[in-house]
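Raw contents of structure.cif, mmCIF, C-alpha atoms:
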data_run
#
loop_
_atom_site.label_atom_id
_atom_site.label_comp_id
_atom_site.auth_asym_id
_atom_site.auth_seq_id
_atom_site.Cartn_x
_atom_site.Cartn_y
_atom_site.Cartn_z
CA MET A 1 26.63 -33.66 -3.99
CA ARG A 2 25.33 -30.19 -4.75
CA TYR A 3 21.85 -29.78 -6.22
CA VAL A 4 20.08 -26.81 -7.79
CA LEU A 5 16.31 -26.40 -7.60
CA GLY A 6 13.88 -24.17 -9.43
CA VAL A 7 11.10 -23.25 -6.99
CA GLU A 8 7.76 -21.59 -7.67
CA TYR A 9 5.70 -19.97 -4.92
CA ASP A 10 2.82 -17.75 -3.97
CA GLY A 11 4.20 -15.50 -1.26
CA SER A 12 0.85 -14.05 -0.15
CA ASN A 13 0.76 -15.72 3.28
CA TYR A 14 4.48 -15.74 4.07
CA LYS A 15 6.74 -13.27 5.87
CA GLY A 16 9.14 -13.21 2.94
CA TRP A 17 11.87 -15.61 1.93
CA GLN A 18 14.48 -15.50 4.69
CA ARG A 19 14.29 -17.89 7.64
CA LEU A 20 13.77 -15.87 10.82
CA THR A 21 14.43 -18.58 13.41
CA PRO A 22 17.37 -21.01 13.71
CA TYR A 23 16.90 -24.38 12.02
CA GLY A 24 15.03 -26.79 14.29
CA GLN A 25 13.47 -24.03 16.39
CA GLN A 26 9.67 -24.06 16.30
CA GLY A 27 7.37 -21.06 16.18
CA GLY A 28 7.95 -17.61 14.77
CA PRO A 29 6.69 -16.15 11.47
CA ARG A 30 6.34 -18.57 8.59
CA THR A 31 8.89 -17.97 5.82
CA LEU A 32 9.45 -19.59 2.45
CA GLN A 33 13.03 -20.60 3.18
CA ALA A 34 12.08 -22.38 6.40
CA THR A 35 9.19 -24.15 4.66
CA LEU A 36 11.42 -25.37 1.81
CA GLU A 37 14.26 -26.44 4.12
CA ASP A 38 11.89 -28.42 6.31
CA ALA A 39 10.52 -30.26 3.25
CA LEU A 40 13.98 -30.96 1.82
CA SER A 41 15.20 -32.22 5.19
CA GLY A 42 12.34 -34.71 5.22
CA VAL A 43 13.43 -36.09 1.85
CA ALA A 44 17.14 -36.13 2.74
CA SER A 45 16.64 -37.55 6.26
CA HIS A 46 19.08 -34.93 7.54
CA PRO A 47 19.00 -31.14 8.05
CA VAL A 48 19.26 -29.20 4.78
CA ALA A 49 20.10 -25.50 4.37
CA VAL A 50 19.57 -23.67 1.08
CA ILE A 51 21.14 -20.63 -0.60
CA CYS A 52 18.80 -18.63 -2.85
CA ALA A 53 19.37 -16.41 -5.87
CA GLY A 54 17.46 -13.48 -4.38
CA ARG A 55 15.48 -12.96 -1.19
CA THR A 56 11.91 -11.81 -1.75
CA ASP A 57 9.83 -9.66 0.60
CA ALA A 58 6.60 -10.58 2.37
CA GLY A 59 3.79 -11.01 -0.13
CA VAL A 60 6.08 -11.28 -3.18
CA HIS A 61 5.82 -14.30 -5.49
CA ALA A 62 8.32 -16.23 -7.63
CA GLU A 63 8.03 -18.01 -10.96
CA CYS A 64 11.46 -19.58 -10.63
CA GLN A 65 13.44 -18.89 -7.50
CA VAL A 66 16.73 -20.80 -7.73
CA VAL A 67 18.36 -22.41 -4.70
CA ASN A 68 21.26 -24.75 -4.10
CA PHE A 69 21.88 -27.23 -1.29
CA ASP A 70 24.27 -30.05 -0.45
CA SER A 71 23.33 -33.62 0.43
CA ASP A 72 24.98 -37.05 0.40
CA ALA A 73 21.57 -38.74 0.44
CA GLN A 74 21.12 -41.18 -2.45
CA ARG A 75 18.25 -39.48 -4.27
CA ASP A 76 17.85 -38.82 -7.98
CA PRO A 77 16.55 -35.46 -9.27
CA ARG A 78 13.03 -36.82 -9.75
CA ALA A 79 12.91 -37.91 -6.11
CA TRP A 80 14.01 -34.45 -4.93
CA VAL A 81 11.31 -32.80 -7.08
CA LEU A 82 8.41 -35.09 -6.21
CA GLY A 83 9.38 -35.88 -2.63
CA THR A 84 9.92 -32.24 -1.70
CA THR A 85 6.79 -30.97 -3.46
CA THR A 86 4.72 -33.61 -1.67
CA ARG A 87 5.91 -32.16 1.65
CA LEU A 88 5.30 -28.55 0.63
CA PRO A 89 2.04 -26.60 1.08
CA PRO A 90 -0.03 -25.92 -2.06
CA ALA A 91 1.50 -22.45 -2.43
CA MET A 92 4.95 -23.91 -3.23
CA ARG A 93 6.35 -26.45 -5.65
CA VAL A 94 9.73 -27.59 -6.96
CA ARG A 95 9.83 -27.21 -10.75
CA TRP A 96 13.10 -29.00 -11.46
CA CYS A 97 16.31 -30.32 -9.91
CA VAL A 98 19.79 -30.47 -11.46
CA PRO A 99 23.03 -31.82 -9.90
CA VAL A 100 25.97 -29.42 -10.39
CA GLU A 101 29.63 -29.00 -9.54
CA GLY A 102 30.37 -27.92 -5.98
CA ASP A 103 31.45 -24.37 -6.80
CA PHE A 104 28.00 -23.30 -8.05
CA ASN A 105 26.28 -20.74 -5.83
CA ALA A 106 22.70 -19.68 -6.55
CA ARG A 107 23.41 -16.14 -5.39
CA PHE A 108 26.98 -15.42 -6.49
CA SER A 109 26.94 -17.37 -9.77
CA ALA A 110 23.94 -15.35 -11.05
CA ARG A 111 24.70 -12.56 -13.51
CA ALA A 112 21.21 -11.03 -13.63
CA ARG A 113 17.81 -11.15 -11.97
CA ARG A 114 14.43 -10.28 -13.45
CA TYR A 115 11.22 -9.05 -11.80
CA ARG A 116 7.75 -8.37 -13.20
CA TYR A 117 5.20 -6.03 -11.65
CA ARG A 118 1.58 -6.20 -12.86
CA LEU A 119 -1.36 -4.02 -11.92
CA LEU A 120 -4.97 -3.61 -12.92
CA ASN A 121 -5.55 -0.06 -14.12
CA HIS A 122 -9.31 0.20 -13.66
CA GLN A 123 -11.79 2.16 -11.54
CA VAL A 124 -12.83 -1.03 -9.71
CA ARG A 125 -10.44 -3.28 -7.80
CA PRO A 126 -9.71 -6.81 -9.11
CA ALA A 127 -11.51 -9.91 -7.85
CA LEU A 128 -10.03 -12.83 -9.79
CA GLY A 129 -6.24 -12.99 -9.56
CA ARG A 130 -6.13 -10.21 -6.97
CA GLN A 131 -3.24 -11.84 -5.06
CA TYR A 132 -1.06 -11.36 -8.17
CA LEU A 133 -2.24 -7.92 -9.21
CA ALA A 134 -1.77 -4.51 -7.69
CA TRP A 135 -4.49 -1.95 -8.41
CA GLU A 136 -4.45 1.65 -9.58
CA ARG A 137 -7.74 3.44 -10.27
CA ARG A 138 -6.16 6.55 -11.85
CA LYS A 139 -5.71 6.33 -15.62
CA LEU A 140 -2.05 5.63 -16.36
CA ASP A 141 0.00 6.64 -19.39
CA ALA A 142 2.11 3.51 -19.80
CA ASP A 143 4.08 5.02 -22.70
CA ALA A 144 5.15 7.97 -20.55
CA MET A 145 6.15 5.57 -17.77
CA HIS A 146 8.23 3.54 -20.22
CA ARG A 147 10.02 6.60 -21.59
CA ALA A 148 10.75 7.91 -18.09
CA ALA A 149 12.09 4.52 -16.96
CA GLN A 150 14.78 4.46 -19.63
CA SER A 151 16.76 7.07 -17.69
CA LEU A 152 17.48 4.36 -15.10
CA LEU A 153 19.42 2.12 -17.48
CA GLY A 154 23.08 1.37 -16.87
CA GLU A 155 25.20 1.23 -13.75
CA GLN A 156 23.79 3.86 -11.41
CA ASP A 157 23.51 4.87 -7.78
CA PHE A 158 19.94 3.84 -6.81
CA SER A 159 19.88 5.44 -3.36
CA SER A 160 16.58 7.18 -4.21
CA PHE A 161 14.92 3.78 -4.62
CA ARG A 162 16.48 2.01 -1.64
CA THR A 163 14.71 1.37 1.66
CA VAL A 164 16.37 2.64 4.82
CA HIS A 165 16.49 -0.99 5.99
CA CYS A 166 18.58 -2.11 3.02
CA GLN A 167 21.71 -3.98 4.13
CA ALA A 168 23.56 -3.88 0.81
CA ALA A 169 27.16 -2.70 1.01
CA HIS A 170 26.62 -0.02 -1.65
CA PRO A 171 23.72 1.40 -3.71
CA ARG A 172 25.19 0.93 -7.20
CA ARG A 173 23.42 -1.54 -9.47
CA ASP A 174 23.52 -2.22 -13.21
CA LEU A 175 19.96 -1.95 -14.52
CA GLN A 176 20.05 -3.83 -17.83
CA PHE A 177 16.45 -3.66 -19.01
CA ILE A 178 13.20 -1.97 -18.04
CA GLU A 179 9.95 -1.97 -19.95
CA VAL A 180 6.42 -0.70 -19.25
CA VAL A 181 3.62 -2.02 -21.47
CA ARG A 182 -0.16 -1.96 -21.42
CA ASP A 183 -2.42 -4.84 -22.46
CA GLY A 184 -6.01 -3.73 -22.02
CA ASP A 185 -6.42 -2.79 -18.37
CA ILE A 186 -3.19 -4.54 -17.30
CA VAL A 187 0.01 -2.49 -17.01
CA THR A 188 3.20 -4.52 -16.66
CA VAL A 189 6.64 -3.31 -15.60
CA THR A 190 9.51 -5.71 -16.32
CA VAL A 191 12.95 -5.00 -14.85
CA GLN A 192 16.28 -6.81 -15.11
CA ALA A 193 19.50 -5.90 -13.29
CA ASN A 194 22.64 -7.60 -12.07
CA ALA A 195 21.15 -7.36 -8.56
CA PHE A 196 18.55 -5.32 -6.67
CA LEU A 197 18.46 -3.26 -3.50
CA HIS A 198 15.81 -3.85 -0.83
CA HIS A 199 12.43 -2.63 -2.19
CA MET A 200 14.19 -1.23 -5.29
CA VAL A 201 11.64 -2.52 -7.82
CA ARG A 202 8.62 -1.50 -5.78
CA ASN A 203 10.08 1.96 -5.15
CA ILE A 204 10.78 2.43 -8.86
CA VAL A 205 7.23 1.37 -9.69
CA GLY A 206 5.82 3.72 -7.05
CA SER A 207 7.55 6.67 -8.71
CA LEU A 208 6.59 5.56 -12.22
CA LEU A 209 2.94 5.46 -11.14
CA MET A 210 3.11 9.14 -10.25
CA ILE A 211 4.45 9.89 -13.72
CA GLY A 212 1.83 7.67 -15.36
CA ALA A 213 -0.94 9.45 -13.46
CA GLY A 214 0.34 12.86 -14.60
CA GLU A 215 1.43 14.02 -11.15
CA ARG A 216 5.06 14.34 -12.25
CA PRO A 217 6.75 14.95 -15.64
CA GLU A 218 8.73 12.25 -17.42
CA THR A 219 11.97 14.05 -16.55
CA TRP A 220 11.29 13.51 -12.84
CA MET A 221 12.69 9.97 -12.92
CA ALA A 222 16.14 11.17 -13.97
CA GLU A 223 15.97 13.92 -11.35
CA LEU A 224 15.19 11.39 -8.62
CA LEU A 225 18.07 9.18 -9.67
CA ALA A 226 20.49 12.11 -9.58
CA ALA A 227 19.20 13.30 -6.18
CA ARG A 228 20.09 10.01 -4.40
CA ASP A 229 17.44 10.81 -1.79
CA ARG A 230 14.73 8.25 -0.99
CA SER A 231 12.53 10.88 0.67
CA LEU A 232 11.97 12.61 -2.69
CA ALA A 233 10.72 9.54 -4.57
CA GLY A 234 7.25 8.05 -4.76
CA PRO A 235 5.72 5.60 -2.28
CA THR A 236 6.59 1.91 -2.22
CA ALA A 237 4.22 0.00 -4.52
CA PHE A 238 2.16 -2.83 -3.02
CA ALA A 239 3.85 -6.24 -2.81
CA GLN A 240 1.17 -8.43 -4.37
CA GLY A 241 1.86 -7.22 -7.92
CA LEU A 242 5.51 -8.27 -7.80
CA VAL A 243 6.86 -11.57 -9.11
CA PHE A 244 10.49 -12.67 -9.09
CA VAL A 245 10.71 -14.11 -12.59
CA GLY A 246 14.10 -15.61 -11.80
CA PRO A 247 17.88 -15.23 -12.02
CA ARG A 248 20.07 -15.67 -15.09
CA TYR A 249 23.32 -17.69 -15.16
CA PRO A 250 26.15 -18.16 -17.67
CA ARG A 251 25.41 -20.86 -20.19
CA SER A 252 28.38 -22.88 -18.95
CA TRP A 253 26.15 -24.17 -16.12
CA PRO A 254 23.96 -27.20 -17.03
CA LEU A 255 20.70 -25.54 -15.99
CA PRO A 256 17.28 -25.23 -17.68
CA GLU A 257 17.04 -22.68 -20.47
CA GLU A 258 14.70 -20.42 -18.49
CA VAL A 259 17.49 -19.41 -16.08
CA LEU A 260 20.33 -19.01 -18.61
CA LEU A 261 21.57 -15.77 -20.11
CA ASP A 262 20.53 -15.05 -23.69
CA VAL A 263 24.17 -14.70 -24.77
#

Write-out of the structure in structure tokens:
Amino acid sequence: MRYVLGVEYDGSNYKGWQRLTPYGQQGGPRTLQATLEDALSGVASHPVAVICAGRTDAGVHAECQVVNFDSDAQRDPRAWVLGTTTRLPPAMRVRWCVPVEGDFNARFSARARRYRYRLLNHQVRPALGRQYLAWERRKLDADAMHRAAQSLLGEQDFSSFRTVHCQAAHPRRDLQFIEVVRDGDIVTVTVQANAFLHHMVRNIVGSLLMIGAGERPETWMAELLAARDRSLAGPTAFAQGLVFVGPRYPRSWPLPEEVLLDV
């Protein structure tokens, strides 16, 4: 039987999502995938490997990471949720579990993925909630950032916002939605695309911050995109402000509403 889980986590103290050591091997950096697989294996009473919708970097969080795994263990969805969460550290929990047909794949069945980046725009750094907020002391023009970001919409070559360590086969991605809004001292960047390159969101945010601070004109974002040169773009924004909101799947899959496409 194939199962799909929605998983929430605080990535502050993890070396990212991907398991870095073979299953069963002890030691090495602690990753979210290894932690979840170990907990699931305890519930299943056999080794369990998961496939995720999108790998997150060290320090990045997730509201609803989606994974799938296979098991013949006789467990109902409630047992997978409660049993696994009991074995997880406080920074992780399973939100829900749904049995699906065997051809579902958390990565390849997804049609979109959404991220949210939040920062405190204030002269003094944050205290409460600091693990979920980046910080920028310079006054930011969120409206200018939003206008500049619209030049990224559509299917584009995002080489200028791709880390040199990116292993994707090509740099083209379909950016479906991007919004920058201010609520008091909090500036939020929300981005949705069919998929993302390594560090793509954080590199986009890093360049938008330069525009928001008045260091670059709004037209600079389009120029960066056309240049296809990472060395010309802004610095990579800090990880702690980034949350993987979750993937989106066709409504033909029997999954919770929060991970289904709007249409």

Residue neighbourhood Val81 in chain A, 8 Å, all atoms listed in the file, exclusion window fewer than 4 positions, as a VMD selection string: chain A and resid 77 85 94 to 97

File dump, residues just selected, C-alpha atoms, as an mmCIF file, in the coordinates of the input:
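Listed below is the output, part_30.cif:
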data_model
loop_
_atom_site.group_PDB
_atom_site.id
_atom_site.type_symbol
_atom_site.label_atom_id
_atom_site.label_comp_id
_atom_site.auth_asym_id
_atom_site.auth_seq_id
_atom_site.Cartn_x
_atom_site.Cartn_y
_atom_site.Cartn_z
ATOM 1 C CA PRO A 77 16.550 -35.460 -9.270
ATOM 2 C CA THR A 85 6.790 -30.970 -3.460
ATOM 3 C CA VAL A 94 9.730 -27.590 -6.960
ATOM 4 C CA ARG A 95 9.830 -27.210 -10.750
ATOM 5 C CA TRP A 96 13.100 -29.000 -11.460
ATOM 6 C CA CYS A 97 16.310 -30.320 -9.910
#

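Residues with any atom within 7 Å of range 153-167 of chain A, counting all atoms listed in the file and excluding same-chain neighbours fewer than 5 positions away, are Arg172, Arg173, Asp174, Leu175, Gln176, Phe177, Leu197, His198, His199, Met200, Asn203, Ile204, Leu224, Leu225, Ala227, Arg228, Asp229, Arg230 and Ala233 of chain A.
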
Assuming the chain letters and numbering stay as they are in my file, what does the PyMOL selection byres ((chain A and resi 240-249) around 6) actually select? List them as a ChimeraX atom specification. /A:59-65,110-118,131-134,238-239,250,259-261

Let me make sure I understand: among A:Ala213, A:Cys52, A:Leu152, A:Val180, which one has the smallest atom-to-atom distance to Glu136 in chain A if we use all atoms listed in the file?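 Result for the nearest residue to Glu136 in chain A: A:Ala213.
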
What is the CA of Arg107 in chain A to CA of Pro171 in chain A distance in Å?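 CA of Pro171 in chain A lies 17.6 Å from CA of Arg107 in chain A.
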
For Gly206 in chain A, work out the shell of residues within 6 Å, counting all atoms listed in the file and skipping chain neighbours fewer than 6 positions away, then give it as a list in words.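 Final neighbour list, sorted by chain and number: Gly234, Pro235, Thr236 and Ala237 of chain A.
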
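Minimum atom-to-atom distances from A:Ile186, A:Leu232, A:Met210, A:Val66 to Val50 in chain A were compared using only C-alpha atoms, and the lowest value belongs to A:Val66.
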
Decode the PyMOL selection byres ((chain A and resi 88) around 10) for the given file into explicit residues and return them as an mmCIF file with C-alpha atoms, keeping the file's coordinate frame.
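The result, written out as out-v8.cif:
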data_model
loop_
_atom_site.group_PDB
_atom_site.id
_atom_site.type_symbol
_atom_site.label_atom_id
_atom_site.label_comp_id
_atom_site.auth_asym_id
_atom_site.auth_seq_id
_atom_site.Cartn_x
_atom_site.Cartn_y
_atom_site.Cartn_z
ATOM 1 C CA THR A 35 9.190 -24.150 4.660
ATOM 2 C CA LEU A 36 11.420 -25.370 1.810
ATOM 3 C CA GLU A 37 14.260 -26.440 4.120
ATOM 4 C CA ASP A 38 11.890 -28.420 6.310
ATOM 5 C CA ALA A 39 10.520 -30.260 3.250
ATOM 6 C CA LEU A 40 13.980 -30.960 1.820
ATOM 7 C CA LEU A 82 8.410 -35.090 -6.210
ATOM 8 C CA GLY A 83 9.380 -35.880 -2.630
ATOM 9 C CA THR A 84 9.920 -32.240 -1.700
ATOM 10 C CA THR A 85 6.790 -30.970 -3.460
ATOM 11 C CA THR A 86 4.720 -33.610 -1.670
ATOM 12 C CA ARG A 87 5.910 -32.160 1.650
ATOM 13 C CA PRO A 89 2.040 -26.600 1.080
ATOM 14 C CA PRO A 90 -0.030 -25.920 -2.060
ATOM 15 C CA ALA A 91 1.500 -22.450 -2.430
ATOM 16 C CA MET A 92 4.950 -23.910 -3.230
ATOM 17 C CA ARG A 93 6.350 -26.450 -5.650
ATOM 18 C CA VAL A 94 9.730 -27.590 -6.960
#

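Straight-line separation from CA of Ala34 in chain A to CA of Leu128 in chain A: 29.0 Å.
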
Go ahead and compute the interatomic distance for CA of Asp10 in chain A and CA of Ala142 in chain A, in Å to one decimal.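 A separation of 26.5 Å between them.
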
Option closest in space to Gly102 in chain A, from A:Pro256, A:Gly214, A:Tyr9, A:Asn68 [counting all atoms listed in the file]: A:Asn68

Measuring between only C-alpha atoms, which one of A:Met221, A:Ala73, A:Leu32, A:Val201 shows the shortest distance to Gln150 in chain A?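 Checking each of A:Met221, A:Ala73, A:Leu32, A:Val201 against Gln150 in chain A, counting only C-alpha atoms, the winner is A:Met221.
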
Selection: 10 Å around His122 in chain A, all atoms listed in the file, excl. self and same-chain fewer than 3 positions, as a list of chain:residue names: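 The residues satisfying every condition are A:Leu119, A:Arg125, A:Pro126, A:Trp135, A:Glu136, A:Arg137, A:Arg138, A:Lys139, A:Leu140, A:Gly184, A:Asp185, A:Ile186.
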
So which residues touch Pro254 in chain A within 9 Å, counting only C-alpha atoms, skipping near sequence neighbours fewer than 4 positions away, as a list of chain:residue names?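 My reading of the contact set: A:Val98, A:Pro99, A:Val100.
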
Of A:Arg30, A:Asp70, A:Arg251, A:Pro47, the one nearest to Met1 in chain A when counting all atoms listed in the file is A:Asp70

Mind listing as number ranges by chain all residues within 8 Å of (18.2, -10.0, -1.8), counting all atoms listed in the file? A: 53-56, 195-198
